[in-house]
$ cat structure-v3.txt   # compact mmCIF, C-alpha atoms
# COMPACT_ATOMS: atom_id res chain seq x y z
CA MET A 1 -3.47 -39.36 -35.41
CA GLU A 2 -1.47 -40.27 -38.50
CA ALA A 3 2.29 -39.65 -38.54
CA ASN A 4 2.10 -36.93 -41.15
CA THR A 5 -0.33 -34.93 -39.01
CA ARG A 6 1.36 -35.54 -35.66
CA SER A 7 2.64 -32.15 -34.54
CA THR A 8 5.41 -30.70 -32.45
CA GLY A 9 4.11 -27.44 -31.05
CA ARG A 10 2.08 -25.85 -33.81
CA LEU A 11 3.62 -27.42 -36.92
CA PRO A 12 2.90 -30.94 -38.21
CA ALA A 13 5.88 -33.29 -37.92
CA ALA A 14 6.12 -33.53 -41.72
CA PHE A 15 7.00 -29.84 -41.81
CA LEU A 16 9.95 -30.40 -39.49
CA THR A 17 11.39 -33.54 -41.09
CA PRO A 18 13.61 -33.14 -44.18
CA GLY A 19 12.08 -35.09 -47.04
CA SER A 20 12.30 -34.36 -50.73
CA SER A 21 14.97 -31.92 -51.85
CA SER A 22 12.29 -30.23 -53.97
CA PHE A 23 10.23 -27.50 -52.33
CA MET A 24 7.71 -27.89 -55.17
CA ASP A 25 7.23 -31.56 -54.29
CA PHE A 26 6.81 -30.60 -50.63
CA LEU A 27 4.04 -28.14 -51.51
CA THR A 28 2.43 -30.68 -53.83
CA ASP A 29 2.24 -33.20 -50.97
CA HIS A 30 1.12 -30.87 -48.18
CA GLN A 31 -0.33 -27.62 -49.60
CA PRO A 32 -1.05 -28.17 -53.33
CA GLU A 33 -3.52 -25.28 -53.42
CA MET A 34 -0.61 -22.86 -52.82
CA LEU A 35 0.96 -23.64 -56.19
CA PRO A 36 0.07 -20.94 -58.74
CA GLY A 37 -1.06 -23.46 -61.36
CA ASN A 38 -3.53 -25.11 -58.95
CA ARG A 39 -5.50 -22.00 -58.11
CA PRO A 40 -9.00 -21.92 -59.65
CA LEU A 41 -9.87 -18.91 -61.77
CA PRO A 42 -13.31 -17.30 -61.78
CA VAL A 43 -15.41 -17.74 -64.89
CA VAL A 44 -14.90 -14.73 -67.13
CA GLN A 45 -16.02 -13.71 -70.59
CA GLY A 46 -13.48 -12.37 -73.04
CA ALA A 47 -9.77 -11.87 -72.56
CA ILE A 48 -8.36 -11.46 -69.05
CA GLN A 49 -6.71 -8.06 -68.62
CA ALA A 50 -3.63 -8.23 -66.40
CA PRO A 51 -0.31 -6.37 -66.42
CA HIS A 52 2.26 -8.03 -68.68
CA GLY A 53 6.02 -7.75 -68.60
CA THR A 54 7.65 -7.43 -71.96
CA THR A 55 11.22 -7.68 -73.24
CA ILE A 56 14.13 -9.58 -71.67
CA VAL A 57 17.53 -10.07 -73.34
CA ALA A 58 20.67 -12.02 -72.50
CA ALA A 59 24.14 -12.36 -74.02
CA SER A 60 27.18 -14.36 -72.97
CA PHE A 61 30.82 -13.30 -73.04
CA PRO A 62 34.06 -15.08 -72.12
CA GLY A 63 33.77 -15.42 -68.36
CA GLY A 64 30.07 -14.85 -67.82
CA VAL A 65 26.66 -13.74 -69.02
CA VAL A 66 24.56 -10.56 -68.98
CA LEU A 67 20.79 -10.59 -68.39
CA ALA A 68 18.76 -7.39 -68.79
CA GLY A 69 15.20 -6.16 -69.11
CA ASP A 70 13.24 -3.02 -69.85
CA ARG A 71 10.99 -1.46 -67.17
CA ARG A 72 7.55 -1.28 -68.82
CA ALA A 73 4.47 -3.37 -67.99
CA THR A 74 1.41 -3.09 -70.20
CA MET A 75 -2.28 -3.96 -69.89
CA GLY A 76 -3.79 -4.11 -73.33
CA ASN A 77 -2.81 -0.90 -75.08
CA MET A 78 -2.20 0.93 -71.79
CA ILE A 79 1.02 1.33 -69.80
CA ALA A 80 0.31 -0.37 -66.46
CA GLN A 81 3.68 0.43 -64.84
CA ARG A 82 6.75 2.32 -66.01
CA ASP A 83 9.33 1.04 -63.53
CA ILE A 84 8.56 -2.65 -63.00
CA GLU A 85 11.49 -4.92 -62.16
CA LYS A 86 11.75 -7.97 -64.39
CA VAL A 87 15.21 -9.39 -63.62
CA PHE A 88 15.84 -11.19 -60.33
CA PRO A 89 18.69 -13.24 -58.86
CA ALA A 90 17.75 -16.92 -58.57
CA ASP A 91 20.77 -17.68 -56.41
CA GLU A 92 24.42 -16.65 -56.24
CA TYR A 93 25.25 -17.79 -59.79
CA SER A 94 22.00 -17.46 -61.75
CA ALA A 95 19.19 -15.05 -62.57
CA VAL A 96 15.71 -15.04 -64.11
CA GLY A 97 14.17 -12.45 -66.39
CA ILE A 98 10.37 -12.53 -66.61
CA ALA A 99 8.02 -11.93 -69.52
CA GLY A 100 4.31 -12.60 -69.57
CA THR A 101 1.70 -12.12 -66.85
CA ALA A 102 3.57 -9.98 -64.33
CA GLY A 103 1.90 -11.09 -61.09
CA LEU A 104 2.23 -14.81 -61.82
CA ALA A 105 5.77 -14.35 -63.11
CA VAL A 106 6.99 -12.60 -59.94
CA GLU A 107 5.31 -15.27 -57.81
CA MET A 108 6.97 -18.01 -59.86
CA VAL A 109 10.39 -16.38 -59.41
CA LYS A 110 9.92 -16.24 -55.63
CA LEU A 111 8.92 -19.90 -55.60
CA PHE A 112 11.94 -20.75 -57.77
CA GLN A 113 14.23 -18.93 -55.33
CA LEU A 114 12.72 -20.97 -52.48
CA GLU A 115 13.14 -24.15 -54.51
CA LEU A 116 16.88 -23.58 -54.95
CA GLU A 117 17.34 -22.50 -51.32
CA HIS A 118 15.42 -25.54 -50.07
CA PHE A 119 17.54 -27.91 -52.17
CA GLU A 120 20.75 -26.39 -50.85
CA LYS A 121 19.61 -26.68 -47.23
CA VAL A 122 18.44 -30.28 -47.57
CA GLU A 123 21.28 -31.59 -49.75
CA GLY A 124 24.09 -29.41 -48.41
CA THR A 125 25.14 -28.44 -51.93
CA THR A 126 23.80 -26.35 -54.80
CA LEU A 127 22.08 -27.65 -57.90
CA SER A 128 24.05 -27.64 -61.13
CA LEU A 129 23.06 -24.93 -63.60
CA GLU A 130 21.49 -27.66 -65.75
CA GLY A 131 19.48 -28.82 -62.74
CA LYS A 132 18.27 -25.30 -62.03
CA ALA A 133 17.13 -24.91 -65.64
CA ASN A 134 15.24 -28.21 -65.39
CA ARG A 135 13.52 -27.19 -62.15
CA LEU A 136 12.33 -23.95 -63.73
CA SER A 137 11.05 -25.93 -66.72
CA THR A 138 8.93 -28.08 -64.39
CA MET A 139 7.46 -24.98 -62.72
CA ILE A 140 6.50 -23.43 -66.07
CA ARG A 141 4.85 -26.71 -67.13
CA GLY A 142 2.84 -26.62 -63.91
CA ASN A 143 1.40 -23.28 -65.02
CA LEU A 144 0.13 -24.66 -68.34
CA GLY A 145 -3.52 -24.50 -67.27
CA MET A 146 -3.16 -20.78 -66.54
CA ALA A 147 -1.25 -20.26 -69.79
CA MET A 148 -4.11 -21.83 -71.79
CA GLN A 149 -6.39 -19.19 -70.24
CA GLY A 150 -4.10 -16.37 -71.35
CA LEU A 151 -1.98 -16.04 -68.19
CA ALA A 152 1.34 -17.28 -69.57
CA VAL A 153 4.79 -16.88 -68.03
CA VAL A 154 7.78 -17.16 -70.37
CA PRO A 155 11.06 -16.41 -68.55
CA LEU A 156 14.67 -16.30 -69.65
CA PHE A 157 17.16 -18.05 -67.37
CA ALA A 158 20.89 -17.34 -67.35
CA GLY A 159 23.80 -18.16 -65.11
CA TYR A 160 27.44 -18.98 -64.70
CA ASP A 161 28.18 -22.71 -64.90
CA VAL A 162 30.91 -23.30 -62.31
CA ASP A 163 31.58 -26.78 -63.73
CA ARG A 164 32.00 -25.68 -67.35
CA GLU A 165 33.38 -22.28 -66.33
CA LYS A 166 31.21 -20.25 -68.71
CA GLY A 167 27.95 -18.36 -68.92
CA ARG A 168 24.88 -20.17 -70.27
CA ILE A 169 21.41 -19.04 -71.37
CA PHE A 170 18.14 -21.01 -71.40
CA SER A 171 14.84 -20.02 -73.02
CA TYR A 172 11.40 -21.60 -72.52
CA ASP A 173 7.98 -21.92 -74.11
CA VAL A 174 4.64 -21.95 -72.26
CA THR A 175 4.66 -25.77 -72.01
CA GLY A 176 7.97 -25.77 -70.12
CA GLY A 177 9.98 -26.76 -73.18
CA ARG A 178 13.58 -25.72 -72.60
CA SER A 179 16.22 -24.68 -75.13
CA GLU A 180 19.81 -23.67 -74.51
CA GLU A 181 20.71 -20.60 -76.54
CA VAL A 182 24.11 -19.96 -78.06
CA GLY A 183 25.55 -16.47 -77.56
CA TYR A 184 22.39 -14.43 -77.06
CA ALA A 185 18.62 -14.71 -76.61
CA ALA A 186 15.49 -12.64 -76.07
CA THR A 187 11.91 -13.20 -74.96
CA GLY A 188 8.79 -11.06 -74.68
CA SER A 189 6.87 -8.86 -77.08
CA GLY A 190 9.93 -6.99 -78.36
CA SER A 191 12.12 -10.08 -78.59
CA ILE A 192 12.07 -10.31 -82.38
CA PHE A 193 13.55 -6.80 -82.67
CA ALA A 194 16.00 -7.26 -79.80
CA LYS A 195 17.25 -10.55 -81.18
CA GLY A 196 17.63 -9.05 -84.66
CA SER A 197 19.70 -6.24 -83.16
CA MET A 198 21.99 -8.65 -81.30
CA LYS A 199 22.28 -10.95 -84.30
CA LYS A 200 24.10 -8.23 -86.24
CA LEU A 201 26.22 -6.86 -83.38
CA TYR A 202 27.10 -9.90 -81.27
CA ARG A 203 30.58 -11.42 -81.28
CA GLY A 204 31.92 -14.22 -79.13
CA ASP A 205 34.92 -12.18 -77.98
CA LEU A 206 33.03 -9.19 -76.52
CA THR A 207 34.17 -7.87 -73.15
CA GLU A 208 31.82 -7.55 -70.19
CA GLU A 209 31.42 -3.82 -70.81
CA GLU A 210 30.77 -4.35 -74.53
CA THR A 211 28.17 -7.01 -73.73
CA THR A 212 26.29 -4.72 -71.33
CA THR A 213 26.30 -2.07 -74.08
CA LEU A 214 25.02 -4.67 -76.55
CA VAL A 215 21.99 -5.65 -74.46
CA ILE A 216 21.00 -2.02 -73.86
CA GLN A 217 21.31 -1.35 -77.61
CA ALA A 218 19.05 -4.35 -78.19
CA LEU A 219 16.45 -3.09 -75.69
CA TYR A 220 16.59 0.34 -77.33
CA ASP A 221 15.91 -1.24 -80.74
CA ALA A 222 13.06 -3.29 -79.27
CA ALA A 223 11.49 -0.14 -77.79
CA ASP A 224 11.92 1.60 -81.14
CA ASP A 225 9.61 -0.88 -82.89
CA ASP A 226 7.50 -2.42 -80.09
CA SER A 227 5.16 -0.12 -78.16
CA ALA A 228 5.02 -2.55 -75.21
CA THR A 229 8.76 -2.23 -74.59
CA GLY A 230 9.94 0.79 -72.67
CA GLY A 231 13.09 2.63 -73.68
CA PRO A 232 15.34 4.62 -71.33
CA ASP A 233 13.20 7.28 -69.62
CA VAL A 234 15.60 10.16 -69.01
CA ALA A 235 12.95 12.51 -67.62
CA ARG A 236 11.88 10.04 -64.91
CA ARG A 237 15.38 8.54 -64.53
CA ILE A 238 14.12 5.03 -65.32
CA TYR A 239 16.71 2.86 -67.04
CA PRO A 240 16.95 -0.85 -67.96
CA ILE A 241 17.90 -3.34 -65.27
CA VAL A 242 21.22 -4.93 -66.23
CA THR A 243 22.77 -7.84 -64.33
CA VAL A 244 26.11 -9.59 -64.79
CA ILE A 245 26.89 -13.13 -63.60
CA THR A 246 30.49 -14.36 -63.50
CA ASP A 247 32.62 -16.68 -61.36
CA GLU A 248 32.37 -13.97 -58.70
CA GLY A 249 28.58 -14.35 -58.61
CA PHE A 250 25.55 -12.22 -59.41
CA ARG A 251 25.89 -8.44 -59.68
CA ARG A 252 23.31 -5.84 -60.64
CA LEU A 253 24.58 -2.67 -62.24
CA SER A 254 23.87 0.38 -60.13
CA ASP A 255 21.46 3.05 -61.33
CA ALA A 256 24.45 5.30 -62.02
CA GLU A 257 26.12 2.64 -64.21
CA SER A 258 22.91 1.86 -66.11
CA SER A 259 22.10 5.52 -66.66
CA GLU A 260 25.61 6.26 -67.92
CA LEU A 261 25.42 3.44 -70.48
CA ALA A 262 21.89 4.40 -71.55
CA ARG A 263 22.73 8.10 -71.87
CA SER A 264 25.83 7.37 -73.97
CA ILE A 265 23.70 5.25 -76.32
CA ILE A 266 21.05 7.99 -76.57
CA GLU A 267 23.78 10.52 -77.46
CA ARG A 268 25.02 8.25 -80.26
CA ARG A 269 21.47 7.72 -81.48
CA LEU A 270 21.13 11.45 -82.06
CA GLU A 271 23.65 10.96 -84.87
CA GLN A 272 22.56 7.44 -85.88
CA PRO A 273 18.86 7.00 -84.98
CA ASP A 274 18.83 3.39 -86.15
CA GLY A 275 21.88 2.45 -84.13
CA PRO A 276 25.33 1.09 -85.00
CA ARG A 277 25.92 -0.63 -88.32
CA ALA A 278 27.39 -4.09 -88.75
CA ALA A 279 29.97 -4.64 -91.50
CA LEU A 280 28.66 -6.15 -94.75
CA LEU A 281 31.60 -8.54 -94.95

$ encode --input "structure-v3.txt" --output "structure tokens"
Amino acid sequence: MEANTRSTGRLPAAFLTPGSSSFMDFLTDHQPEMLPGNRPLPVVQGAIQAPHGTTIVAASFPGGVVLAGDRRATMGNMIAQRDIEKVFPADEYSAVGIAGTAGLAVEMVKLFQLELEHFEKVEGTTLSLEGKANRLSTMIRGNLGMAMQGLAVVPLFAGYDVDREKGRIFSYDVTGGRSEEVGYAATGSGSIFAKGSMKKLYRGDLTEEETTTLVIQALYDAADDDSATGGPDVARRIYPIVTVITDEGFRRLSDAESSELARSIIERRLEQPDGPRAALL
């Protein structure tokens, strides 16, 4: 029996011997069929209908970064889910917001979490924020075959860089192309409206509280013009997921905090339906 199939108990020896620091490489060597991009799809005619996540926004402030998302998933012109979660911690100092095919996106996030955890266990240290962004880029590129069939995943990655001591934001395209954004970013169907909102309101000296207000304003504006983006649902008590990442790590705002921010914005919108105005000069 070859060395890589020699087993101790029930598991092959290769599963018990630390090798590559990449969990993706480990799967590629031993169970490549488990990678999302390697799974064969049945032959279908026409567009594939699957739930899609929509708008994710991020904005940095001195000392950290905020990553937030609305709660709606759509399937064609129908609302597939009203309270989907689209923002997840990647590790202690980073988070991922998902847009695109919801099922594949959630699976990719879980695999990304395992990738970072595996690296830390094997190497005894954490990846740099730049390294994490590169690993996610590789995973997205591995899904290109699915993306060409309409099952794309386009996340937004944000985190606190402990080396540079600041928050950073990375956006991606379906090929895994990575871009670092300055100040703010958005992805998903309502991103053009959310980014336009932040473009007029964002300042580099915003506080953490002001930045959380900014991203909820941006999601509200996206929902105002994009039917696939869900706004605050007061009747069902469904509010955007807002996360903050600083030198103290990842923190998700509680439902009470999110609802208070969303309700205060709704109250102001009763007077100014189009939201706050930026100065002309």

$ closest_atom_pairs --input "structure-v3.txt" --of "segment 134-213 of chain A" --to "segment 251-269 of chain A" --cutoff "12 Å" --atoms "only C-alpha atoms" --output "Markdown table"
| residue | atom | partner | partner_atom | distance |
| --- | --- | --- | --- | --- |
| A:Gly159 | CA | A:Arg251 | CA | 11.3 |
| A:Tyr160 | CA | A:Arg251 | CA | 11.8 |
| A:Glu208 | CA | A:Leu253 | CA | 11.8 |
| A:Glu209 | CA | A:Leu261 | CA | 9.4 |
| A:Glu210 | CA | A:Leu261 | CA | 10.3 |
| A:Thr211 | CA | A:Leu261 | CA | 11.3 |
| A:Thr212 | CA | A:Leu261 | CA | 8.3 |
| A:Thr213 | CA | A:Leu261 | CA | 6.6 |

$ residues_around --input "structure-v3.txt" --residues "Tyr93 of chain A" --least-positions-apart "5" --cutoff "9 Å" --atoms "all atoms listed in the file" --output "PyMOL selection string"
chain A and resi 129+158-162+245-250

$ write_last_selection --input "structure-v3.txt" --atoms "C-alpha atoms" --output "JSON list (two decimals), in the frame of the given file"
[["chain", "number", "residue", "atom", "x", "y", "z"],
["A", 129, "LEU", "CA", 23.06, -24.93, -63.60],
["A", 158, "ALA", "CA", 20.89, -17.34, -67.35],
["A", 159, "GLY", "CA", 23.80, -18.16, -65.11],
["A", 160, "TYR", "CA", 27.44, -18.98, -64.70],
["A", 161, "ASP", "CA", 28.18, -22.71, -64.90],
["A", 162, "VAL", "CA", 30.91, -23.30, -62.31],
["A", 245, "ILE", "CA", 26.89, -13.13, -63.60],
["A", 246, "THR", "CA", 30.49, -14.36, -63.50],
["A", 247, "ASP", "CA", 32.62, -16.68, -61.36],
["A", 248, "GLU", "CA", 32.37, -13.97, -58.70],
["A", 249, "GLY", "CA", 28.58, -14.35, -58.61],
["A", 250, "PHE", "CA", 25.55, -12.22, -59.41]]

$ atom_distance --input "structure-v3.txt" --atom1 "atom CA of Met108 of chain A" --atom2 "atom CA of Leu151 of chain A"
12.4 Å

$ atom_distance --input "structure-v3.txt" --atom1 "atom CA of Glu85 of chain A" --atom2 "atom CA of Glu180 of chain A"
23.9 Å

$ residues_around --input "structure-v3.txt" --residues "Thr125 of chain A" --least-positions-apart "6" --cutoff "12 Å" --atoms "all atoms listed in the file" --output "VMD selection string"
chain A and resid 21 116 to 119

$ residues_around --input "structure-v3.txt" --residues "Asn134 of chain A" --least-positions-apart "2" --cutoff "12 Å" --atoms "only C-alpha atoms" --output "ChimeraX atom specification"
/A:22,112,115-116,127-132,136-141,157,170-172,176-180

$ residues_around --input "structure-v3.txt" --residues "Val66 of chain A" --least-positions-apart "5" --cutoff "6 Å" --atoms "all atoms listed in the file" --output "compact mmCIF listing (two decimals) with C-alpha atoms, in the frame of the given file"
# COMPACT_ATOMS: atom_id res chain seq x y z
CA ALA A 58 20.67 -12.02 -72.50
CA ALA A 59 24.14 -12.36 -74.02
CA THR A 243 22.77 -7.84 -64.33
CA VAL A 244 26.11 -9.59 -64.79

$ atom_distance --input "structure-v3.txt" --atom1 "atom CA of Gln272 of chain A" --atom2 "atom CA of Lys199 of chain A"
18.5 Å

$ closest_residue --input "structure-v3.txt" --among "A:Gln149, A:Thr55, A:Ser94, A:Gln81" --to "Ala218 of chain A" --atoms "only C-alpha atoms"
A:Thr55

$ closest_residue --input "structure-v3.txt" --among "A:Leu280, A:Leu67, A:Ile192, A:Val154" --to "Val109 of chain A" --atoms "only C-alpha atoms"
A:Val154

$ axis_aligned_box --input "structure-v3.txt" --around "segment 98-107 of chain A" --padding-each-side "4 Å" --output "lines of an AutoDock Vina configuration file"
center_x = 6.0
center_y = -12.6
center_z = -63.7
size_x = 16.7
size_y = 13.3
size_z = 19.8

$ residues_around --input "structure-v3.txt" --residues "Ala152 of chain A" --least-positions-apart "5" --cutoff "6 Å" --atoms "all atoms listed in the file" --output "VMD selection string"
chain A and resid 100 to 101 147

$ closest_residue --input "structure-v3.txt" --among "A:Met78, A:Leu201, A:Ala133, A:Val182" --to "Leu156 of chain A" --atoms "only C-alpha atoms"
A:Ala133

$ closest_residue --input "structure-v3.txt" --among "A:Val242, A:Gly188, A:Lys166, A:Thr175" --to "His52 of chain A" --atoms "only C-alpha atoms"
A:Gly188

$ decode --input "structure-v3.txt" --residues "segment 122-133 of chain A" --atoms "all heavy atoms" --output "PDB file, in the first residue's frame"
ATOM      1  N   VAL A 122      -1.305  25.012  11.247  1.00  0.00           N
ATOM      2  CA  VAL A 122      -0.096  24.421  10.679  1.00  0.00           C
ATOM      3  C   VAL A 122       1.120  25.314  10.889  1.00  0.00           C
ATOM      4  O   VAL A 122       2.199  24.847  11.256  1.00  0.00           O
ATOM      5  CB  VAL A 122      -0.299  24.134   9.172  1.00  0.00           C
ATOM      6  CG1 VAL A 122       1.015  23.699   8.522  1.00  0.00           C
ATOM      7  CG2 VAL A 122      -1.361  23.056   8.976  1.00  0.00           C
ATOM      8  N   GLU A 123       0.948  26.624  10.669  1.00  0.00           N
ATOM      9  CA  GLU A 123       2.073  27.549  10.722  1.00  0.00           C
ATOM     10  C   GLU A 123       2.292  28.155  12.109  1.00  0.00           C
ATOM     11  O   GLU A 123       3.348  28.718  12.389  1.00  0.00           O
ATOM     12  CB  GLU A 123       1.867  28.677   9.703  1.00  0.00           C
ATOM     13  CG  GLU A 123       1.798  28.210   8.258  1.00  0.00           C
ATOM     14  CD  GLU A 123       3.111  27.612   7.779  1.00  0.00           C
ATOM     15  OE1 GLU A 123       4.170  27.989   8.326  1.00  0.00           O
ATOM     16  OE2 GLU A 123       3.076  26.762   6.868  1.00  0.00           O
ATOM     17  N   GLY A 124       1.274  28.078  12.974  1.00  0.00           N
ATOM     18  CA  GLY A 124       1.425  28.655  14.304  1.00  0.00           C
ATOM     19  C   GLY A 124       1.310  30.158  14.334  1.00  0.00           C
ATOM     20  O   GLY A 124       1.641  30.805  15.337  1.00  0.00           O
ATOM     21  N   THR A 125       0.842  30.752  13.247  1.00  0.00           N
ATOM     22  CA  THR A 125       0.647  32.196  13.176  1.00  0.00           C
ATOM     23  C   THR A 125      -0.472  32.474  12.185  1.00  0.00           C
ATOM     24  O   THR A 125      -0.870  31.589  11.417  1.00  0.00           O
ATOM     25  CB  THR A 125       1.932  32.919  12.723  1.00  0.00           C
ATOM     26  OG1 THR A 125       1.739  34.342  12.789  1.00  0.00           O
ATOM     27  CG2 THR A 125       2.313  32.531  11.301  1.00  0.00           C
ATOM     28  N   THR A 126      -0.990  33.682  12.191  1.00  0.00           N
ATOM     29  CA  THR A 126      -2.075  34.027  11.275  1.00  0.00           C
ATOM     30  C   THR A 126      -1.521  34.627   9.987  1.00  0.00           C
ATOM     31  O   THR A 126      -0.426  35.189   9.969  1.00  0.00           O
ATOM     32  CB  THR A 126      -3.036  35.043  11.921  1.00  0.00           C
ATOM     33  OG1 THR A 126      -2.304  36.221  12.290  1.00  0.00           O
ATOM     34  CG2 THR A 126      -3.694  34.448  13.157  1.00  0.00           C
ATOM     35  N   LEU A 127      -2.278  34.476   8.925  1.00  0.00           N
ATOM     36  CA  LEU A 127      -1.931  35.120   7.668  1.00  0.00           C
ATOM     37  C   LEU A 127      -2.029  36.638   7.814  1.00  0.00           C
ATOM     38  O   LEU A 127      -2.837  37.149   8.597  1.00  0.00           O
ATOM     39  CB  LEU A 127      -2.893  34.677   6.566  1.00  0.00           C
ATOM     40  CG  LEU A 127      -2.521  33.503   5.667  1.00  0.00           C
ATOM     41  CD1 LEU A 127      -3.710  33.158   4.787  1.00  0.00           C
ATOM     42  CD2 LEU A 127      -1.323  33.844   4.807  1.00  0.00           C
ATOM     43  N   SER A 128      -1.236  37.358   7.046  1.00  0.00           N
ATOM     44  CA  SER A 128      -1.413  38.799   6.972  1.00  0.00           C
ATOM     45  C   SER A 128      -2.734  39.096   6.276  1.00  0.00           C
ATOM     46  O   SER A 128      -3.296  38.230   5.586  1.00  0.00           O
ATOM     47  CB  SER A 128      -0.272  39.437   6.182  1.00  0.00           C
ATOM     48  OG  SER A 128      -0.323  39.015   4.828  1.00  0.00           O
ATOM     49  N   LEU A 129      -3.255  40.297   6.444  1.00  0.00           N
ATOM     50  CA  LEU A 129      -4.518  40.650   5.792  1.00  0.00           C
ATOM     51  C   LEU A 129      -4.365  40.556   4.274  1.00  0.00           C
ATOM     52  O   LEU A 129      -5.287  40.124   3.574  1.00  0.00           O
ATOM     53  CB  LEU A 129      -4.948  42.065   6.199  1.00  0.00           C
ATOM     54  CG  LEU A 129      -6.386  42.426   5.820  1.00  0.00           C
ATOM     55  CD1 LEU A 129      -7.379  41.589   6.615  1.00  0.00           C
ATOM     56  CD2 LEU A 129      -6.658  43.904   6.052  1.00  0.00           C
ATOM     57  N   GLU A 130      -3.201  40.941   3.769  1.00  0.00           N
ATOM     58  CA  GLU A 130      -2.926  40.824   2.332  1.00  0.00           C
ATOM     59  C   GLU A 130      -2.986  39.360   1.899  1.00  0.00           C
ATOM     60  O   GLU A 130      -3.546  39.031   0.854  1.00  0.00           O
ATOM     61  CB  GLU A 130      -1.542  41.396   2.036  1.00  0.00           C
ATOM     62  CG  GLU A 130      -1.271  41.659   0.574  1.00  0.00           C
ATOM     63  CD  GLU A 130      -1.708  43.035   0.122  1.00  0.00           C
ATOM     64  OE1 GLU A 130      -1.816  43.924   0.986  1.00  0.00           O
ATOM     65  OE2 GLU A 130      -1.941  43.211  -1.077  1.00  0.00           O
ATOM     66  N   GLY A 131      -2.413  38.477   2.723  1.00  0.00           N
ATOM     67  CA  GLY A 131      -2.437  37.053   2.412  1.00  0.00           C
ATOM     68  C   GLY A 131      -3.841  36.485   2.416  1.00  0.00           C
ATOM     69  O   GLY A 131      -4.197  35.651   1.571  1.00  0.00           O
ATOM     70  N   LYS A 132      -4.669  36.934   3.353  1.00  0.00           N
ATOM     71  CA  LYS A 132      -6.058  36.479   3.398  1.00  0.00           C
ATOM     72  C   LYS A 132      -6.797  36.909   2.129  1.00  0.00           C
ATOM     73  O   LYS A 132      -7.555  36.127   1.539  1.00  0.00           O
ATOM     74  CB  LYS A 132      -6.758  37.058   4.624  1.00  0.00           C
ATOM     75  CG  LYS A 132      -6.188  36.611   5.963  1.00  0.00           C
ATOM     76  CD  LYS A 132      -6.811  37.402   7.106  1.00  0.00           C
ATOM     77  CE  LYS A 132      -6.075  37.186   8.407  1.00  0.00           C
ATOM     78  NZ  LYS A 132      -6.592  38.034   9.511  1.00  0.00           N
ATOM     79  N   ALA A 133      -6.578  38.149   1.721  1.00  0.00           N
ATOM     80  CA  ALA A 133      -7.234  38.659   0.509  1.00  0.00           C
ATOM     81  C   ALA A 133      -6.804  37.859  -0.715  1.00  0.00           C
ATOM     82  O   ALA A 133      -7.617  37.579  -1.603  1.00  0.00           O
ATOM     83  CB  ALA A 133      -6.909  40.142   0.324  1.00  0.00           C
TER      84      ALA A 133
END
